[in-house]
>>> print(open('data-v6.pdb').read())   # PDB, C-alpha atoms, pLDDT in the B column
ATOM      1  CA  MET A   1     124.331 106.421  89.358  1.00 47.00           C
ATOM      2  CA  THR A   2     122.348 109.255  90.877  1.00 51.00           C
ATOM      3  CA  PRO A   3     119.952 107.907  93.480  1.00 55.00           C
ATOM      4  CA  THR A   4     116.331 108.740  92.837  1.00 61.00           C
ATOM      5  CA  PRO A   5     114.312 110.437  95.590  1.00 64.00           C
ATOM      6  CA  VAL A   6     111.757 107.652  95.509  1.00 78.00           C
ATOM      7  CA  PRO A   7     111.961 103.855  95.613  1.00 82.00           C
ATOM      8  CA  LEU A   8     111.985 103.212  91.869  1.00 85.00           C
ATOM      9  CA  PRO A   9     114.482 101.471  89.609  1.00 86.00           C
ATOM     10  CA  HIS A  10     114.196 104.309  87.092  1.00 88.00           C
ATOM     11  CA  GLY A  11     116.850 106.964  86.597  1.00 88.00           C
ATOM     12  CA  HIS A  12     117.164 110.446  85.169  1.00 88.00           C
ATOM     13  CA  PRO A  13     115.507 111.621  82.969  1.00 91.00           C
ATOM     14  CA  PHE A  14     112.732 109.134  83.467  1.00 93.00           C
ATOM     15  CA  VAL A  15     111.591 109.555  87.056  1.00 94.00           C
ATOM     16  CA  PHE A  16     108.105 111.021  87.176  1.00 96.00           C
ATOM     17  CA  VAL A  17     107.436 110.802  90.888  1.00 96.00           C
ATOM     18  CA  ASP A  18     109.159 113.528  92.912  1.00 95.00           C
ATOM     19  CA  ARG A  19     107.964 112.471  96.326  1.00 95.00           C
ATOM     20  CA  VAL A  20     106.022 109.608  97.863  1.00 95.00           C
ATOM     21  CA  LEU A  21     103.415 110.847 100.341  1.00 96.00           C
ATOM     22  CA  GLU A  22     101.764 107.620 101.482  1.00 95.00           C
ATOM     23  CA  THR A  23     102.177 103.897 100.994  1.00 95.00           C
ATOM     24  CA  ASP A  24     100.154 100.900 102.015  1.00 96.00           C
ATOM     25  CA  PRO A  25     102.727  98.340 100.888  1.00 93.00           C
ATOM     26  CA  GLY A  26     101.517  96.108  98.092  1.00 93.00           C
ATOM     27  CA  LYS A  27      98.199  97.906  97.886  1.00 96.00           C
ATOM     28  CA  ARG A  28      98.260 101.664  97.542  1.00 97.00           C
ATOM     29  CA  ALA A  29     100.557 104.640  97.091  1.00 97.00           C
ATOM     30  CA  VAL A  30     100.184 108.380  96.724  1.00 98.00           C
ATOM     31  CA  GLY A  31     102.893 110.668  95.404  1.00 97.00           C
ATOM     32  CA  ILE A  32     103.486 113.965  93.690  1.00 97.00           C
ATOM     33  CA  LYS A  33     105.090 115.084  90.478  1.00 98.00           C
ATOM     34  CA  ASN A  34     105.891 118.744  89.959  1.00 97.00           C
ATOM     35  CA  VAL A  35     105.536 119.787  86.365  1.00 98.00           C
ATOM     36  CA  THR A  36     108.103 122.335  85.182  1.00 96.00           C
ATOM     37  CA  PHE A  37     108.865 124.272  82.054  1.00 95.00           C
ATOM     38  CA  GLY A  38     112.440 122.979  82.092  1.00 93.00           C
ATOM     39  CA  GLU A  39     111.554 119.367  81.348  1.00 93.00           C
ATOM     40  CA  THR A  40     112.886 117.928  78.118  1.00 92.00           C
ATOM     41  CA  ALA A  41     109.505 116.852  76.776  1.00 94.00           C
ATOM     42  CA  MET A  42     108.087 120.317  77.320  1.00 94.00           C
ATOM     43  CA  GLN A  43     110.576 121.802  74.845  1.00 94.00           C
ATOM     44  CA  GLY A  44     108.911 120.163  71.893  1.00 96.00           C
ATOM     45  CA  HIS A  45     105.434 119.366  73.207  1.00 97.00           C
ATOM     46  CA  PHE A  46     104.752 122.075  72.210  1.00 96.00           C
ATOM     47  CA  PRO A  47     107.208 124.941  71.646  1.00 95.00           C
ATOM     48  CA  GLN A  48     104.465 127.553  71.778  1.00 95.00           C
ATOM     49  CA  GLN A  49     102.245 125.771  74.252  1.00 96.00           C
ATOM     50  CA  PRO A  50     103.948 123.404  76.725  1.00 97.00           C
ATOM     51  CA  ILE A  51     101.692 120.531  77.792  1.00 98.00           C
ATOM     52  CA  MET A  52     102.793 117.421  79.690  1.00 98.00           C
ATOM     53  CA  PRO A  53     102.457 114.544  77.190  1.00 98.00           C
ATOM     54  CA  GLY A  54      99.678 112.116  78.056  1.00 98.00           C
ATOM     55  CA  VAL A  55     102.050 109.162  77.728  1.00 98.00           C
ATOM     56  CA  LEU A  56     104.210 110.677  80.473  1.00 98.00           C
ATOM     57  CA  ILE A  57     101.170 111.074  82.717  1.00 98.00           C
ATOM     58  CA  ILE A  58     100.512 107.369  82.125  1.00 98.00           C
ATOM     59  CA  GLU A  59     104.161 106.675  82.993  1.00 98.00           C
ATOM     60  CA  ALA A  60     103.865 108.755  86.193  1.00 98.00           C
ATOM     61  CA  MET A  61     100.753 106.818  87.221  1.00 98.00           C
ATOM     62  CA  ALA A  62     102.506 103.523  86.406  1.00 98.00           C
ATOM     63  CA  GLN A  63     105.486 104.596  88.520  1.00 96.00           C
ATOM     64  CA  ILE A  64     103.333 105.321  91.567  1.00 97.00           C
ATOM     65  CA  ALA A  65     101.717 101.901  91.017  1.00 97.00           C
ATOM     66  CA  GLY A  66     105.247 100.450  91.010  1.00 95.00           C
ATOM     67  CA  VAL A  67     105.923 102.221  94.306  1.00 94.00           C
ATOM     68  CA  ALA A  68     102.739 100.691  95.756  1.00 95.00           C
ATOM     69  CA  LEU A  69     103.684  97.229  94.540  1.00 94.00           C
ATOM     70  CA  HIS A  70     107.306  97.253  95.644  1.00 90.00           C
ATOM     71  CA  SER A  71     107.318  99.512  98.699  1.00 87.00           C
ATOM     72  CA  ALA A  72     107.411  96.471 100.967  1.00 78.00           C
ATOM     73  CA  ASP A  73     110.414  94.940  99.193  1.00 79.00           C
ATOM     74  CA  PRO A  74     113.762  94.959 101.007  1.00 72.00           C
ATOM     75  CA  PRO A  75     115.957  97.805  99.638  1.00 66.00           C
ATOM     76  CA  ASP A  76     118.591  95.477  98.224  1.00 65.00           C
ATOM     77  CA  ALA A  77     116.033  93.287  96.491  1.00 65.00           C
ATOM     78  CA  ALA A  78     113.474  95.806  95.353  1.00 65.00           C
ATOM     79  CA  GLY A  79     111.411  94.298  92.600  1.00 72.00           C
ATOM     80  CA  ARG A  80     110.721  95.974  89.344  1.00 79.00           C
ATOM     81  CA  SER A  81     107.728  95.744  87.108  1.00 87.00           C
ATOM     82  CA  HIS A  82     106.886  96.755  83.619  1.00 94.00           C
ATOM     83  CA  ILE A  83     103.660  97.999  82.147  1.00 97.00           C
ATOM     84  CA  ALA A  84     101.637  95.022  80.943  1.00 97.00           C
ATOM     85  CA  ALA A  85      98.403  96.786  80.053  1.00 97.00           C
ATOM     86  CA  VAL A  86      96.936 100.274  79.973  1.00 98.00           C
ATOM     87  CA  ARG A  87      93.154 100.542  79.875  1.00 96.00           C
ATOM     88  CA  ASN A  88      90.448 103.131  79.784  1.00 95.00           C
ATOM     89  CA  ILE A  89      92.778 106.036  80.399  1.00 98.00           C
ATOM     90  CA  LYS A  90      91.123 109.391  80.009  1.00 98.00           C
ATOM     91  CA  PHE A  91      92.842 112.750  79.956  1.00 98.00           C
ATOM     92  CA  ARG A  92      90.330 115.193  81.320  1.00 98.00           C
ATOM     93  CA  ARG A  93      92.288 118.402  80.985  1.00 97.00           C
ATOM     94  CA  PRO A  94      95.777 119.520  79.900  1.00 98.00           C
ATOM     95  CA  VAL A  95      98.611 119.509  82.430  1.00 98.00           C
ATOM     96  CA  THR A  96     100.955 122.471  82.101  1.00 98.00           C
ATOM     97  CA  PRO A  97     104.136 123.794  83.759  1.00 98.00           C
ATOM     98  CA  GLY A  98     103.416 124.922  87.307  1.00 98.00           C
ATOM     99  CA  ASP A  99     100.884 122.155  87.951  1.00 98.00           C
ATOM    100  CA  GLN A 100     101.500 119.670  90.727  1.00 98.00           C
ATOM    101  CA  LEU A 101     100.218 116.196  89.914  1.00 98.00           C
ATOM    102  CA  ARG A 102      98.946 114.173  92.824  1.00 98.00           C
ATOM    103  CA  LEU A 103      99.291 110.547  91.746  1.00 98.00           C
ATOM    104  CA  THR A 104      97.314 107.719  93.335  1.00 98.00           C
ATOM    105  CA  ALA A 105      97.405 103.987  92.594  1.00 98.00           C
ATOM    106  CA  GLU A 106      95.191 101.405  94.282  1.00 98.00           C
ATOM    107  CA  LEU A 107      95.521  97.684  93.744  1.00 97.00           C
ATOM    108  CA  THR A 108      92.322  96.130  92.373  1.00 96.00           C
ATOM    109  CA  GLY A 109      93.568  92.608  91.686  1.00 95.00           C
ATOM    110  CA  ARG A 110      96.630  90.427  91.699  1.00 94.00           C
ATOM    111  CA  MET A 111      97.510  87.072  90.192  1.00 93.00           C
ATOM    112  CA  ASP A 112     101.016  85.650  90.064  1.00 90.00           C
ATOM    113  CA  GLN A 113     103.283  88.345  88.625  1.00 90.00           C
ATOM    114  CA  LEU A 114     100.457  90.559  87.404  1.00 95.00           C
ATOM    115  CA  ALA A 115      98.995  93.388  89.455  1.00 96.00           C
ATOM    116  CA  GLN A 116      96.099  95.553  88.326  1.00 97.00           C
ATOM    117  CA  PHE A 117      95.684  99.099  89.632  1.00 98.00           C
ATOM    118  CA  ALA A 118      93.094 101.846  89.489  1.00 98.00           C
ATOM    119  CA  VAL A 119      95.141 104.988  88.927  1.00 98.00           C
ATOM    120  CA  LYS A 120      94.470 108.686  88.881  1.00 98.00           C
ATOM    121  CA  ALA A 121      96.279 111.992  88.611  1.00 98.00           C
ATOM    122  CA  GLU A 122      94.825 115.139  90.153  1.00 98.00           C
ATOM    123  CA  VAL A 123      95.725 118.811  90.078  1.00 98.00           C
ATOM    124  CA  GLN A 124      94.337 120.846  92.959  1.00 98.00           C
ATOM    125  CA  GLY A 125      91.728 118.210  93.718  1.00 97.00           C
ATOM    126  CA  GLU A 126      90.531 117.919  90.137  1.00 98.00           C
ATOM    127  CA  ILE A 127      91.081 114.647  88.258  1.00 98.00           C
ATOM    128  CA  VAL A 128      93.167 115.296  85.138  1.00 98.00           C
ATOM    129  CA  ALA A 129      93.689 111.664  84.154  1.00 98.00           C
ATOM    130  CA  ASP A 130      92.472 108.283  85.356  1.00 98.00           C
ATOM    131  CA  GLY A 131      92.098 104.674  84.308  1.00 98.00           C
ATOM    132  CA  GLU A 132      93.617 101.250  84.855  1.00 98.00           C
ATOM    133  CA  ILE A 133      97.189 100.019  84.626  1.00 98.00           C
ATOM    134  CA  VAL A 134      98.472  96.459  84.904  1.00 98.00           C
ATOM    135  CA  LEU A 135     102.069  95.859  85.938  1.00 96.00           C
ATOM    136  CA  GLY A 136     103.785  92.570  85.374  1.00 93.00           C
TER     137      GLY A 136
ATOM    138  CA  MET B  17      69.553  83.079  89.685  1.00 75.00           C
ATOM    139  CA  ASN B  18      69.004  80.459  87.019  1.00 89.00           C
ATOM    140  CA  ARG B  19      71.804  78.892  85.098  1.00 93.00           C
ATOM    141  CA  GLU B  20      70.791  80.145  81.656  1.00 94.00           C
ATOM    142  CA  THR B  21      70.549  83.785  82.812  1.00 95.00           C
ATOM    143  CA  LEU B  22      73.959  83.474  84.444  1.00 96.00           C
ATOM    144  CA  ARG B  23      75.462  81.955  81.297  1.00 97.00           C
ATOM    145  CA  GLN B  24      74.298  84.940  79.296  1.00 97.00           C
ATOM    146  CA  GLN B  25      75.514  87.438  81.915  1.00 97.00           C
ATOM    147  CA  VAL B  26      78.942  85.810  82.094  1.00 98.00           C
ATOM    148  CA  ARG B  27      79.240  85.882  78.293  1.00 98.00           C
ATOM    149  CA  GLU B  28      78.231  89.541  78.252  1.00 98.00           C
ATOM    150  CA  THR B  29      80.829  90.254  80.923  1.00 97.00           C
ATOM    151  CA  LEU B  30      83.516  88.532  78.851  1.00 97.00           C
ATOM    152  CA  VAL B  31      82.677  90.532  75.749  1.00 97.00           C
ATOM    153  CA  SER B  32      82.302  93.920  77.409  1.00 96.00           C
ATOM    154  CA  GLU B  33      85.205  93.680  79.886  1.00 95.00           C
ATOM    155  CA  LEU B  34      87.707  92.138  77.507  1.00 95.00           C
ATOM    156  CA  MET B  35      86.463  94.006  74.442  1.00 93.00           C
ATOM    157  CA  LEU B  36      86.096  90.769  72.475  1.00 94.00           C
ATOM    158  CA  LYS B  37      85.185  91.192  68.862  1.00 93.00           C
ATOM    159  CA  THR B  38      82.318  88.765  69.017  1.00 94.00           C
ATOM    160  CA  ARG B  39      78.742  88.719  70.207  1.00 96.00           C
ATOM    161  CA  PRO B  40      77.971  87.090  73.566  1.00 96.00           C
ATOM    162  CA  GLU B  41      75.652  84.521  71.924  1.00 95.00           C
ATOM    163  CA  GLU B  42      78.493  83.356  69.693  1.00 95.00           C
ATOM    164  CA  ILE B  43      80.604  82.176  72.620  1.00 95.00           C
ATOM    165  CA  ARG B  44      80.084  78.467  73.237  1.00 95.00           C
ATOM    166  CA  THR B  45      79.687  77.956  76.937  1.00 96.00           C
ATOM    167  CA  ASP B  46      82.002  74.936  76.901  1.00 96.00           C
ATOM    168  CA  ALA B  47      84.706  76.580  74.756  1.00 96.00           C
ATOM    169  CA  PRO B  48      88.126  76.839  76.452  1.00 97.00           C
ATOM    170  CA  LEU B  49      88.780  80.453  77.452  1.00 97.00           C
ATOM    171  CA  PHE B  50      92.555  80.128  77.026  1.00 95.00           C
ATOM    172  CA  GLY B  51      94.727  78.668  74.318  1.00 87.00           C
ATOM    173  CA  PRO B  52      94.565  78.517  70.535  1.00 85.00           C
ATOM    174  CA  ASN B  53      91.580  76.190  70.362  1.00 85.00           C
ATOM    175  CA  GLY B  54      89.299  78.440  72.315  1.00 88.00           C
ATOM    176  CA  ILE B  55      88.614  82.093  72.877  1.00 92.00           C
ATOM    177  CA  GLY B  56      92.320  82.835  73.160  1.00 93.00           C
ATOM    178  CA  LEU B  57      92.512  84.815  76.385  1.00 95.00           C
ATOM    179  CA  ASP B  58      95.897  85.495  78.026  1.00 94.00           C
ATOM    180  CA  SER B  59      97.052  86.005  81.605  1.00 94.00           C
ATOM    181  CA  ILE B  60      96.387  89.749  81.505  1.00 95.00           C
ATOM    182  CA  ASP B  61      92.815  89.059  80.411  1.00 96.00           C
ATOM    183  CA  ALA B  62      92.544  86.490  83.212  1.00 96.00           C
ATOM    184  CA  LEU B  63      93.367  89.033  85.905  1.00 96.00           C
ATOM    185  CA  GLN B  64      90.922  91.532  84.421  1.00 96.00           C
ATOM    186  CA  LEU B  65      88.266  88.840  84.354  1.00 97.00           C
ATOM    187  CA  VAL B  66      88.942  87.848  87.968  1.00 96.00           C
ATOM    188  CA  VAL B  67      88.462  91.468  89.073  1.00 96.00           C
ATOM    189  CA  ALA B  68      85.271  91.816  86.978  1.00 96.00           C
ATOM    190  CA  LEU B  69      83.749  88.530  88.196  1.00 97.00           C
ATOM    191  CA  GLU B  70      84.268  89.515  91.800  1.00 96.00           C
ATOM    192  CA  LYS B  71      82.713  92.918  91.208  1.00 95.00           C
ATOM    193  CA  LYS B  72      79.696  91.634  89.280  1.00 96.00           C
ATOM    194  CA  PHE B  73      79.008  88.245  90.822  1.00 96.00           C
ATOM    195  CA  GLY B  74      80.889  88.343  94.116  1.00 95.00           C
ATOM    196  CA  LEU B  75      83.015  85.427  92.908  1.00 96.00           C
ATOM    197  CA  ARG B  76      86.299  85.233  94.825  1.00 94.00           C
ATOM    198  CA  ILE B  77      89.241  83.643  93.031  1.00 94.00           C
ATOM    199  CA  LYS B  78      92.099  83.797  95.445  1.00 90.00           C
ATOM    200  CA  ASP B  79      95.057  82.600  93.407  1.00 91.00           C
ATOM    201  CA  SER B  80      96.102  81.274  90.030  1.00 90.00           C
ATOM    202  CA  ALA B  81      95.497  77.639  91.043  1.00 93.00           C
ATOM    203  CA  ALA B  82      91.869  78.501  91.768  1.00 94.00           C
ATOM    204  CA  GLY B  83      91.817  80.580  88.600  1.00 94.00           C
ATOM    205  CA  GLN B  84      92.868  77.625  86.476  1.00 93.00           C
ATOM    206  CA  LYS B  85      89.970  75.579  87.814  1.00 95.00           C
ATOM    207  CA  VAL B  86      87.315  78.265  87.610  1.00 97.00           C
ATOM    208  CA  LEU B  87      88.318  80.007  84.392  1.00 97.00           C
ATOM    209  CA  GLN B  88      88.223  77.013  82.045  1.00 97.00           C
ATOM    210  CA  SER B  89      85.017  77.967  80.260  1.00 97.00           C
ATOM    211  CA  VAL B  90      81.823  79.960  80.693  1.00 98.00           C
ATOM    212  CA  ASP B  91      80.264  76.801  82.143  1.00 97.00           C
ATOM    213  CA  THR B  92      82.914  76.389  84.849  1.00 98.00           C
ATOM    214  CA  ILE B  93      82.564  80.056  85.816  1.00 98.00           C
ATOM    215  CA  VAL B  94      78.777  79.686  86.069  1.00 97.00           C
ATOM    216  CA  GLU B  95      79.215  76.528  88.153  1.00 96.00           C
ATOM    217  CA  SER B  96      81.517  78.356  90.570  1.00 96.00           C
ATOM    218  CA  ILE B  97      79.112  81.280  90.940  1.00 96.00           C
ATOM    219  CA  LEU B  98      76.209  78.895  91.643  1.00 95.00           C
ATOM    220  CA  ASN B  99      78.280  76.853  94.106  1.00 93.00           C
ATOM    221  CA  GLN B 100      79.291  79.830  96.189  1.00 88.00           C
ATOM    222  CA  GLN B 101      75.758  81.234  96.447  1.00 75.00           C
ATOM    223  CA  ALA B 102      74.053  80.337  99.717  1.00 57.00           C
ATOM    224  CA  PRO B 103      71.164  77.897  99.332  1.00 58.00           C
ATOM    225  CA  GLN B 104      67.888  79.748  98.904  1.00 53.00           C
ATOM    226  CA  PRO B 105      65.458  79.342 101.817  1.00 55.00           C
ATOM    227  CA  SER B 106      62.544  77.191 100.704  1.00 52.00           C
TER     228      SER B 106
END
>>> encode(input="data-v6.pdb", output="structure tokens")
Amino acid sequence: MTPTPVPLPHGHPFVFVDRVLETDPGKRAVGIKNVTFGETAMQGHFPQQPIMPGVLIIEAMAQIAGVALHSADPPDAAGRSHIAAVRNIKFRRPVTPGDQLRLTAELTGRMDQLAQFAVKAEVQGEIVADGEIVLG
Amino acid sequence: MNRETLRQQVRETLVSELMLKTRPEEIRTDAPLFGPNGIGLDSIDALQLVVALEKKFGLRIKDSAAGQKVLQSVDTIVESILNQQAPQPS
């Protein structure tokens, strides 16, 4: 299996964090995702006008939340979480090839296996998507 | 803050935060929040509620054991908010 560049259980072609910039283990993480024309989803979404699908932006924000949650785990026992809820996500402008997404997740609450995060994705300092994601 | 005002505010919080398809006044304050015989919340709702109650009322619920005590009904939430408020100077 090809190792991913970031501490995530995901593999190709479903890694949407290219680099982790900061972590406050269990609480916060910041990372980047470079958006390119060559990505599979871009071929069909849409052939004449490539736009990163909103669901993949949600996935990218969930992945950086996963990095925040599990960055303190020992490498051989890194935990994994799945999306348990997605709330109030807004897409404020289209994300297109050439954009660099800056992904941020901050823990807002935790109970047992569930962890709630405020998440956002920015391009050049402008918020392109934000909302809340719960991992569990 | 008086108990009746708090009851109404907690019910409004439940409806708006958890997008319940009911009006705040229709929630009985002694109805169980979880399970089939009550409002029917689940654990994901519980975490959202914990975050909202802290933000709105400063109520700290530190773990799920505390959550099970506090989040039984609107009445138990109100009781916990009143208990944690410092006594008013007379």
>>> interface_residues(input="data-v6.pdb", of="chain B", to="chain A", cutoff="9 Å", atoms="all atoms listed in the file", output="MDAnalysis selection string")
chainID B and resid 59:60 62:64 66:67 78:80 83
>>> resolve_selection(input="data-v6.pdb", expression="the PyMOL selection byres ((chain A and resi 10-20) around 9)", output="ChimeraX atom specification")
/A:1-9,21-23,29-34,39-40,56-57,59-61,63-64,67,103
>>> residues_around(input="data-v6.pdb", residues="Pro48 of chain B", least_positions_apart="5", cutoff="8 Å", atoms="only C-alpha atoms", output="list in words")
Asn53, Gly54, Ile55, Gln88 and Ser89 of chain B
>>> closest_residue(input="data-v6.pdb", among="A:Pro53, A:Pro74, A:Gly131, A:Gly66", to="Lys90 of chain A", atoms="all atoms listed in the file")
A:Gly131
>>> atom_distance(input="data-v6.pdb", atom1="atom CA of Arg28 of chain A", atom2="atom CA of Leu69 of chain B")
21.7 Å
>>> residues_near_point(input="data-v6.pdb", point="(99.0, 114.9, 91.8)", cutoff="6 Å", atoms="only C-alpha atoms", output="PyMOL selection string")
chain A and resi 32+100-103+121-123
>>> atom_distance(input="data-v6.pdb", atom1="atom CA of Asn88 of chain A", atom2="atom CA of Glu132 of chain A")
6.3 Å
>>> residues_around(input="data-v6.pdb", residues="Glu95 of chain B", least_positions_apart="6", cutoff="10 Å", atoms="only C-alpha atoms", output="ChimeraX atom specification")
/B:19,22-23,86,89
>>> residues_near_point(input="data-v6.pdb", point="(96.9, 123.4, 82.7)", cutoff="10 Å", atoms="all atoms listed in the file", output="PyMOL selection string")
chain A and resi 50-52+93-100+123+128
>>> atom_distance(input="data-v6.pdb", atom1="atom CA of Arg87 of chain A", atom2="atom CA of Glu41 of chain B")
25.0 Å
>>> axis_aligned_box(input="data-v6.pdb", around="segment 30-37 of chain A", padding_each_side="4 Å", output="JSON")
{"center_x": 104.5, "center_y": 116.3, "center_z": 89.4, "size_x": 16.7, "size_y": 23.9, "size_z": 22.7}
>>> resolve_selection(input="data-v6.pdb", expression="the PyMOL selection byres ((chain B and resi 29-39) around 8)", output="list in words")
Gln25, Val26, Arg27, Glu28, Pro40, Glu41, Glu42, Ile43, Asp61, Gln64, Leu65 and Ala68 of chain B
>>> write_last_selection(input="data-v6.pdb", atoms="C-alpha atoms", output="short mmCIF file (atom, residue, chain, number, x, y, z; two decimals), in the coordinates of the input")
data_model
loop_
_atom_site.label_atom_id
_atom_site.label_comp_id
_atom_site.auth_asym_id
_atom_site.auth_seq_id
_atom_site.Cartn_x
_atom_site.Cartn_y
_atom_site.Cartn_z
CA GLN B 25 75.51 87.44 81.92
CA VAL B 26 78.94 85.81 82.09
CA ARG B 27 79.24 85.88 78.29
CA GLU B 28 78.23 89.54 78.25
CA PRO B 40 77.97 87.09 73.57
CA GLU B 41 75.65 84.52 71.92
CA GLU B 42 78.49 83.36 69.69
CA ILE B 43 80.60 82.18 72.62
CA ASP B 61 92.82 89.06 80.41
CA GLN B 64 90.92 91.53 84.42
CA LEU B 65 88.27 88.84 84.35
CA ALA B 68 85.27 91.82 86.98
#
>>> closest_residue(input="data-v6.pdb", among="B:Gln24, B:Asn18, B:Phe73, B:Val90", to="Phe50 of chain B", atoms="all atoms listed in the file")
B:Val90
